[in-house]
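Shown here: upload_23.pdb, PDB, C-alpha atoms, pLDDT in the B column.
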ATOM      1  CA  MET A 550     -31.383   5.634   4.689  1.00 34.00           C
ATOM      2  CA  ARG A 551     -28.126   5.634   2.707  1.00 42.00           C
ATOM      3  CA  ILE A 552     -24.845   4.426   4.134  1.00 46.00           C
ATOM      4  CA  SER A 553     -22.295   7.183   3.575  1.00 56.00           C
ATOM      5  CA  GLN A 554     -19.258   4.911   3.376  1.00 60.00           C
ATOM      6  CA  PRO A 555     -19.698   2.591   0.361  1.00 84.00           C
ATOM      7  CA  ILE A 556     -17.927  -0.749   0.092  1.00 91.00           C
ATOM      8  CA  VAL A 557     -17.366  -1.998  -3.442  1.00 92.00           C
ATOM      9  CA  ALA A 558     -16.809  -5.705  -4.150  1.00 95.00           C
ATOM     10  CA  CYS A 559     -15.326  -7.262  -7.276  1.00 96.00           C
ATOM     11  CA  HIS A 560     -13.645 -10.550  -8.216  1.00 96.00           C
ATOM     12  CA  HIS A 561     -10.403 -11.033 -10.089  1.00 96.00           C
ATOM     13  CA  PRO A 562     -11.125 -13.060 -13.255  1.00 95.00           C
ATOM     14  CA  GLN A 563      -7.931 -15.133 -12.860  1.00 95.00           C
ATOM     15  CA  ALA A 564      -8.210 -15.555  -9.089  1.00 96.00           C
ATOM     16  CA  GLU A 565      -7.855 -19.335  -8.985  1.00 96.00           C
ATOM     17  CA  VAL A 566      -4.537 -19.362 -10.854  1.00 96.00           C
ATOM     18  CA  LEU A 567      -3.172 -16.256  -9.131  1.00 96.00           C
ATOM     19  CA  ASN A 568      -4.199 -17.392  -5.650  1.00 96.00           C
ATOM     20  CA  ARG A 569      -2.440 -20.720  -6.089  1.00 96.00           C
ATOM     21  CA  MET A 570       0.720 -18.875  -7.213  1.00 94.00           C
ATOM     22  CA  LEU A 571       0.457 -16.339  -4.367  1.00 95.00           C
ATOM     23  CA  ALA A 572      -0.123 -18.973  -1.657  1.00 95.00           C
ATOM     24  CA  GLN A 573       2.763 -21.141  -2.857  1.00 94.00           C
ATOM     25  CA  GLY A 574       5.032 -18.115  -3.157  1.00 90.00           C
ATOM     26  CA  PHE A 575       4.125 -16.848   0.302  1.00 90.00           C
ATOM     27  CA  SER A 576       4.882 -20.230   1.893  1.00 88.00           C
ATOM     28  CA  SER A 577       8.391 -20.117   0.424  1.00 86.00           C
ATOM     29  CA  LEU A 578       9.227 -16.661   1.828  1.00 78.00           C
ATOM     30  CA  GLY A 579      11.670 -16.293   4.692  1.00 78.00           C
ATOM     31  CA  ASP A 580      12.176 -13.537   7.254  1.00 78.00           C
ATOM     32  CA  ASP A 581      14.761 -11.832   5.017  1.00 81.00           C
ATOM     33  CA  ASP A 582      12.204 -11.387   2.234  1.00 76.00           C
ATOM     34  CA  PHE A 583      10.219  -8.823   4.221  1.00 76.00           C
ATOM     35  CA  GLU A 584      11.413  -5.224   4.129  1.00 75.00           C
ATOM     36  CA  ARG A 585       9.601  -4.422   7.356  1.00 73.00           C
ATOM     37  CA  ARG A 586       6.781  -5.469   9.647  1.00 67.00           C
ATOM     38  CA  SER A 587       4.373  -3.323  11.618  1.00 64.00           C
ATOM     39  CA  HIS A 588       1.533  -3.414  14.141  1.00 69.00           C
ATOM     40  CA  PHE A 589       2.839  -6.044  16.566  1.00 66.00           C
ATOM     41  CA  ILE A 590      -0.376  -6.975  18.377  1.00 67.00           C
ATOM     42  CA  ASP A 591      -1.078 -10.134  20.391  1.00 70.00           C
ATOM     43  CA  GLY A 592       2.145 -11.820  19.330  1.00 69.00           C
ATOM     44  CA  ARG A 593       2.069 -11.171  15.584  1.00 72.00           C
ATOM     45  CA  PHE A 594       2.913  -8.479  13.102  1.00 63.00           C
ATOM     46  CA  GLU A 595      -0.370  -7.631  11.372  1.00 69.00           C
ATOM     47  CA  ASN A 596       1.339  -6.053   8.353  1.00 72.00           C
ATOM     48  CA  LEU A 597       4.170  -7.654   6.351  1.00 70.00           C
ATOM     49  CA  TYR A 598       5.818  -5.444   3.720  1.00 66.00           C
ATOM     50  CA  LEU A 599       7.833  -6.709   0.790  1.00 80.00           C
ATOM     51  CA  ASP A 600       8.757  -5.737  -2.739  1.00 82.00           C
ATOM     52  CA  ALA A 601       6.112  -6.874  -5.242  1.00 87.00           C
ATOM     53  CA  ASP A 602       8.806  -8.745  -7.201  1.00 87.00           C
ATOM     54  CA  ARG A 603       9.387 -11.071  -4.217  1.00 86.00           C
ATOM     55  CA  LEU A 604       5.946 -12.664  -4.530  1.00 90.00           C
ATOM     56  CA  PRO A 605       4.736 -13.862  -7.956  1.00 92.00           C
ATOM     57  CA  GLY A 606       1.194 -12.705  -8.701  1.00 94.00           C
ATOM     58  CA  VAL A 607       1.218  -9.567  -6.535  1.00 95.00           C
ATOM     59  CA  ALA A 608       1.862  -7.258  -9.501  1.00 95.00           C
ATOM     60  CA  GLU A 609      -1.229  -8.635 -11.268  1.00 96.00           C
ATOM     61  CA  ILE A 610      -3.412  -8.109  -8.193  1.00 97.00           C
ATOM     62  CA  LEU A 611      -2.137  -4.549  -7.724  1.00 96.00           C
ATOM     63  CA  ALA A 612      -2.720  -3.731 -11.413  1.00 95.00           C
ATOM     64  CA  PHE A 613      -6.279  -5.066 -11.104  1.00 97.00           C
ATOM     65  CA  ALA A 614      -6.845  -2.991  -7.940  1.00 96.00           C
ATOM     66  CA  ARG A 615      -5.469   0.131  -9.619  1.00 93.00           C
ATOM     67  CA  GLY A 616      -7.744  -0.412 -12.640  1.00 91.00           C
ATOM     68  CA  GLN A 617     -10.826  -0.948 -10.474  1.00 93.00           C
ATOM     69  CA  ALA A 618      -9.981   2.155  -8.433  1.00 91.00           C
ATOM     70  CA  GLN A 619      -9.386   4.240 -11.562  1.00 88.00           C
ATOM     71  CA  ALA A 620     -12.753   3.225 -13.002  1.00 86.00           C
ATOM     72  CA  LEU A 621     -14.576   3.804  -9.727  1.00 85.00           C
ATOM     73  CA  LEU A 622     -12.972   7.128  -8.857  1.00 83.00           C
ATOM     74  CA  SER A 623     -13.337   8.601 -12.350  1.00 80.00           C
ATOM     75  CA  SER A 624     -17.015   7.657 -12.630  1.00 72.00           C
ATOM     76  CA  GLY A 625     -20.166   9.003 -11.064  1.00 56.00           C
ATOM     77  CA  ARG A 626     -20.189   5.880  -8.837  1.00 54.00           C
ATOM     78  CA  ALA A 627     -17.596   7.532  -6.595  1.00 49.00           C
ATOM     79  CA  THR A 628     -20.253   9.197  -4.419  1.00 48.00           C
ATOM     80  CA  GLY A 629     -19.106   8.874  -0.835  1.00 51.00           C
ATOM     81  CA  LEU A 630     -15.566   7.947  -1.837  1.00 55.00           C
ATOM     82  CA  GLY A 631     -14.180  11.446  -1.972  1.00 52.00           C
ATOM     83  CA  VAL A 632     -13.595  13.800  -4.895  1.00 55.00           C
ATOM     84  CA  PRO A 633     -13.755  12.127  -8.315  1.00 59.00           C
ATOM     85  CA  ILE A 634     -10.504  12.149 -10.284  1.00 65.00           C
ATOM     86  CA  ASP A 635      -9.778  12.461 -13.989  1.00 65.00           C
ATOM     87  CA  ALA A 636      -9.804   9.163 -15.875  1.00 61.00           C
ATOM     88  CA  ASP A 637      -6.131   9.621 -16.765  1.00 72.00           C
ATOM     89  CA  GLN A 638      -4.964  10.630 -13.257  1.00 75.00           C
ATOM     90  CA  PRO A 639      -2.117   8.254 -12.383  1.00 82.00           C
ATOM     91  CA  LEU A 640      -2.570   6.358  -9.116  1.00 89.00           C
ATOM     92  CA  ARG A 641       0.025   4.919  -6.757  1.00 89.00           C
ATOM     93  CA  ILE A 642      -0.594   1.858  -4.648  1.00 92.00           C
ATOM     94  CA  GLY A 643       1.103   0.691  -1.478  1.00 90.00           C
ATOM     95  CA  PHE A 644       0.455  -2.813  -0.191  1.00 93.00           C
ATOM     96  CA  TRP A 645       1.199  -5.277   2.579  1.00 89.00           C
ATOM     97  CA  ILE A 646       0.430  -8.909   3.331  1.00 91.00           C
ATOM     98  CA  ASN A 647      -1.776 -10.077   6.209  1.00 92.00           C
ATOM     99  CA  ALA A 648      -1.177 -13.665   7.321  1.00 91.00           C
ATOM    100  CA  MET A 649      -3.580 -14.558  10.118  1.00 91.00           C
ATOM    101  CA  GLN A 650      -3.039 -17.869  11.877  1.00 91.00           C
ATOM    102  CA  PRO A 651      -5.780 -19.780  13.747  1.00 95.00           C
ATOM    103  CA  GLY A 652      -6.789 -17.911  16.911  1.00 93.00           C
ATOM    104  CA  GLN A 653      -5.639 -14.510  15.617  1.00 91.00           C
ATOM    105  CA  SER A 654      -7.699 -11.425  14.756  1.00 90.00           C
ATOM    106  CA  THR A 655      -7.096  -7.890  13.482  1.00 89.00           C
ATOM    107  CA  SER A 656      -7.972  -4.951  15.689  1.00 86.00           C
ATOM    108  CA  ARG A 657     -10.298  -2.102  14.730  1.00 89.00           C
ATOM    109  CA  HIS A 658      -8.537   0.535  12.643  1.00 86.00           C
ATOM    110  CA  ALA A 659      -8.762   2.873   9.630  1.00 88.00           C
ATOM    111  CA  HIS A 660      -6.225   3.689   6.908  1.00 85.00           C
ATOM    112  CA  GLU A 661      -6.468   7.459   6.577  1.00 78.00           C
ATOM    113  CA  GLU A 662      -2.862   8.404   7.155  1.00 73.00           C
ATOM    114  CA  CYS A 663      -1.922  10.528   4.177  1.00 73.00           C
ATOM    115  CA  ASP A 664      -3.673  11.304   0.887  1.00 76.00           C
ATOM    116  CA  GLU A 665      -5.270   7.924   0.232  1.00 83.00           C
ATOM    117  CA  LEU A 666      -8.352   7.897  -1.971  1.00 88.00           C
ATOM    118  CA  LEU A 667      -9.275   4.245  -1.425  1.00 91.00           C
ATOM    119  CA  SER A 668      -8.230   1.315   0.713  1.00 94.00           C
ATOM    120  CA  GLY A 669      -8.804  -2.308  -0.075  1.00 95.00           C
ATOM    121  CA  VAL A 670      -8.201  -5.958   0.561  1.00 97.00           C
ATOM    122  CA  TYR A 671      -7.834  -8.961  -1.747  1.00 98.00           C
ATOM    123  CA  TYR A 672      -8.335 -12.478  -0.389  1.00 97.00           C
ATOM    124  CA  ILE A 673      -5.877 -15.189  -1.393  1.00 97.00           C
ATOM    125  CA  ARG A 674      -6.902 -17.843   1.101  1.00 96.00           C
ATOM    126  CA  SER A 675      -9.883 -17.669   3.431  1.00 96.00           C
ATOM    127  CA  PRO A 676     -10.996 -20.990   4.887  1.00 95.00           C
ATOM    128  CA  ALA A 677     -14.470 -21.366   6.368  1.00 94.00           C
ATOM    129  CA  ALA A 678     -14.580 -19.849   9.878  1.00 96.00           C
ATOM    130  CA  ALA A 679     -11.447 -17.760   9.235  1.00 96.00           C
ATOM    131  CA  GLY A 680     -13.287 -14.622  10.395  1.00 95.00           C
ATOM    132  CA  ASP A 681     -15.410 -12.011   8.654  1.00 97.00           C
ATOM    133  CA  ILE A 682     -14.236  -8.481   8.039  1.00 97.00           C
ATOM    134  CA  LEU A 683     -16.424  -6.010   9.918  1.00 96.00           C
ATOM    135  CA  PHE A 684     -16.911  -2.414   8.766  1.00 95.00           C
ATOM    136  CA  HIS A 685     -17.925  -0.072  11.568  1.00 95.00           C
ATOM    137  CA  GLU A 686     -20.075   2.941  10.748  1.00 90.00           C
ATOM    138  CA  PRO A 687     -22.234   3.612  13.796  1.00 87.00           C
ATOM    139  CA  PRO A 688     -24.970   2.809  14.257  1.00 89.00           C
ATOM    140  CA  PHE A 689     -24.306   0.155  11.591  1.00 89.00           C
ATOM    141  CA  GLU A 690     -21.861  -2.691  11.271  1.00 92.00           C
ATOM    142  CA  THR A 691     -21.423  -4.320   7.874  1.00 94.00           C
ATOM    143  CA  ARG A 692     -20.169  -7.895   7.828  1.00 95.00           C
ATOM    144  CA  VAL A 693     -18.473  -9.419   4.783  1.00 96.00           C
ATOM    145  CA  ARG A 694     -17.492 -13.071   4.627  1.00 96.00           C
ATOM    146  CA  PRO A 695     -14.243 -13.212   2.655  1.00 96.00           C
ATOM    147  CA  GLU A 696     -13.686 -15.670  -0.148  1.00 96.00           C
ATOM    148  CA  PRO A 697     -10.666 -16.312  -2.361  1.00 97.00           C
ATOM    149  CA  GLY A 698     -10.556 -13.899  -5.297  1.00 97.00           C
ATOM    150  CA  LEU A 699     -12.775 -11.273  -3.645  1.00 97.00           C
ATOM    151  CA  MET A 700     -11.513  -7.696  -3.620  1.00 98.00           C
ATOM    152  CA  LEU A 701     -13.135  -5.034  -1.448  1.00 97.00           C
ATOM    153  CA  LEU A 702     -12.562  -1.316  -2.003  1.00 95.00           C
ATOM    154  CA  PHE A 703     -13.618   1.194   0.645  1.00 93.00           C
ATOM    155  CA  PRO A 704     -12.890   4.694   1.946  1.00 91.00           C
ATOM    156  CA  PRO A 705      -9.681   4.887   4.014  1.00 91.00           C
ATOM    157  CA  SER A 706     -11.630   6.551   6.841  1.00 89.00           C
ATOM    158  CA  LEU A 707     -13.985   3.570   7.246  1.00 92.00           C
ATOM    159  CA  GLU A 708     -13.030   1.713  10.436  1.00 93.00           C
ATOM    160  CA  HIS A 709     -12.829  -2.053  10.125  1.00 94.00           C
ATOM    161  CA  SER A 710     -11.637  -5.133  11.988  1.00 94.00           C
ATOM    162  CA  VAL A 711     -11.349  -8.867  11.390  1.00 95.00           C
ATOM    163  CA  GLU A 712     -12.894 -11.498  13.614  1.00 96.00           C
ATOM    164  CA  THR A 713     -10.860 -14.287  15.167  1.00 95.00           C
ATOM    165  CA  ASN A 714      -9.715 -16.983  12.747  1.00 96.00           C
ATOM    166  CA  ARG A 715     -11.570 -20.022  14.118  1.00 97.00           C
ATOM    167  CA  SER A 716     -10.405 -22.321  11.337  1.00 97.00           C
ATOM    168  CA  ASP A 717      -7.376 -24.605  11.568  1.00 97.00           C
ATOM    169  CA  GLN A 718      -5.677 -22.897   8.600  1.00 96.00           C
ATOM    170  CA  GLN A 719      -3.964 -19.622   7.809  1.00 94.00           C
ATOM    171  CA  ARG A 720      -6.022 -16.801   6.301  1.00 95.00           C
ATOM    172  CA  LEU A 721      -3.979 -14.865   3.719  1.00 95.00           C
ATOM    173  CA  SER A 722      -4.779 -11.502   2.129  1.00 95.00           C
ATOM    174  CA  ILE A 723      -3.223  -8.478   0.468  1.00 96.00           C
ATOM    175  CA  ALA A 724      -4.236  -5.077   1.844  1.00 94.00           C
ATOM    176  CA  PHE A 725      -3.528  -1.821   0.056  1.00 95.00           C
ATOM    177  CA  ASN A 726      -3.996   1.933  -0.074  1.00 93.00           C
ATOM    178  CA  ILE A 727      -4.426   3.863  -3.327  1.00 92.00           C
ATOM    179  CA  GLY A 728      -3.713   7.556  -3.754  1.00 88.00           C
ATOM    180  CA  PRO A 729      -2.783  10.076  -6.430  1.00 84.00           C
ATOM    181  CA  ASP A 730       0.645   9.617  -7.997  1.00 81.00           C
ATOM    182  CA  LEU A 731       1.973  13.156  -7.851  1.00 73.00           C
ATOM    183  CA  ARG A 732       5.310  12.454  -9.541  1.00 69.00           C
TER
END

Please go through the file and, once you have read it, give me the structure as structure tokens.
Amino acid sequence: MRISQPIVACHHPQAEVLNRMLAQGFSSLGDDDFERRSHFIDGRFENLYLDADRLPGVAEILAFARGQAQALLSSGRATGLGVPIDADQPLRIGFWINAMQPGQSTSRHAHEECDELLSGVYYIRSPAAAGDILFHEPPFETRVRPEPGLMLLFPPSLEHSVETNRSDQQRLSIAFNIGPDLR
């Protein structure tokens, strides 16, 4: 049996340096640095939006994500991820930060809102017991234990959730959607 909703994993080659920069930069942000917040659930905003220039290292992560998506979507490996694109098709990427404190979780959801081709997440900080990401494709559930530097790419229609952070530290990640740049 083949799972119809593939999940692709890769690691950023400079993750250790970038994650240190991202974590330090995030800790220095104030409320005014965020352009908006969304999904207020159980006392927290699940999504924090800011300009990439406000957080050193984000541009590098987004460029890596765009490159991985371009390679995946323009190759024969894109089976199950929608219609393959031309290798030179420009892609746009929108992102947000997820900062999950101890005791918090992320509810089940999908990202298919517009013309996204891929969704993804990159882990900056993920202490032991900070909660696995669960991908729901009945009758299956795929569990991935996050680790710093790991990037997951998956179809926007694939429902997913994050277990409760049972560590005593913040879990920090960058989530994103990638679609065609039609400009």

Report task. Return as a VMD selection string the set of residues that the PyMOL selection byres ((chain A and resi 617) around 12) yields on the displayed structure. Result -> chain A and resid 557 to 561 610 to 616 618 to 624 626 to 627 636 640 667 to 669 700 to 703 727

Query raised in the report: So which residues get picked by the PyMOL selection byres ((chain A and resi 695) around 10) here, written as number ranges by chain?
Result: A: 670-682, 692-694, 696-701, 720, 722

Please write out, as AutoDock Vina command-line options, where the centre of an axis-aligned box around all listed atoms of region 655-660 of chain A lies and how long its edges are, in Å to one decimal, after adding 3 Å on each side.
--center_x -8.3 --center_y -2.1 --center_z 11.3 --size_x 10.1 --size_y 17.6 --size_z 14.8

Query - Distance query Glu665 (chain A) at most 10 Å, all atoms listed in the file, self and fewer than 2 positions along chain excluded, as a VMD selection string - result: chain A and resid 631 640 to 643 660 to 663 667 to 668 704 to 706 725 to 729

Query - Residue among A:Val566, A:Arg593, A:Asp581, A:Asp717 lying closest to Pro605 (chain A), counting only C-alpha atoms - result: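 Between A:Val566, A:Arg593, A:Asp581, A:Asp717, the residue approaching Pro605 (chain A) most closely is A:Val566.
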
Requested in this report: Mind giving me the straight-line distance from CA of Thr655 (chain A) to CA of Leu683 (chain A) in Å, one decimal?
Outcome: 10.2 Å

Query raised in the report: In Å, with one decimal, what is the gap from CA of Arg657 (chain A) to CA of Gln718 (chain A)?
Result: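 Computing the Euclidean distance for CA of Arg657 (chain A) and CA of Gln718 (chain A) yields 22.2 Å.
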
Query raised in the report: With all atoms listed in the file as the atoms that count, which of A:Leu721, A:Ala601, A:Gly606, A:Leu707 lies nearest to Leu666 (chain A)?
Result: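 Looking at the shortest contact to Leu666 (chain A), the residue is A:Leu707.
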
Query raised in the report: Which distance in Å separates CA of Ser577 (chain A) and CA of Gly652 (chain A), to one decimal?
Result: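 Interatomic distance here is 22.5 Å.
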
Requested in this report: Would you mind telling me which residue in A:Phe689, A:Arg715, A:Pro562, A:Leu597 lies nearest to Glu609 (chain A) when using all atoms listed in the file?
Outcome: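 Of all the options, A:Pro562 lies closest to Glu609 (chain A).
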
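Neighbours of Ser654 (chain A) closer than or equal to 9 Å, with all atoms listed in the file counted and sequence neighbours fewer than 5 positions away skipped, come out as Asp591, Glu595, Met649, Gly680, Ser710, Val711, Glu712, Thr713 and Asn714 of chain A.
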
**Report entry** Given only C-alpha atoms as the counted atoms, nearest of A:Leu604, A:Pro555, A:Leu731, A:Met570 to Pro639 (chain A)
**Finding:**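 Nearest candidate to Pro639 (chain A) out of A:Leu604, A:Pro555, A:Leu731, A:Met570: A:Leu731.
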
Query - Using only C-alpha atoms: which of A:Glu708, A:Asp600, A:Glu584, A:Glu565 has the shortest distance to Ser656 (chain A) - result: A:Glu708
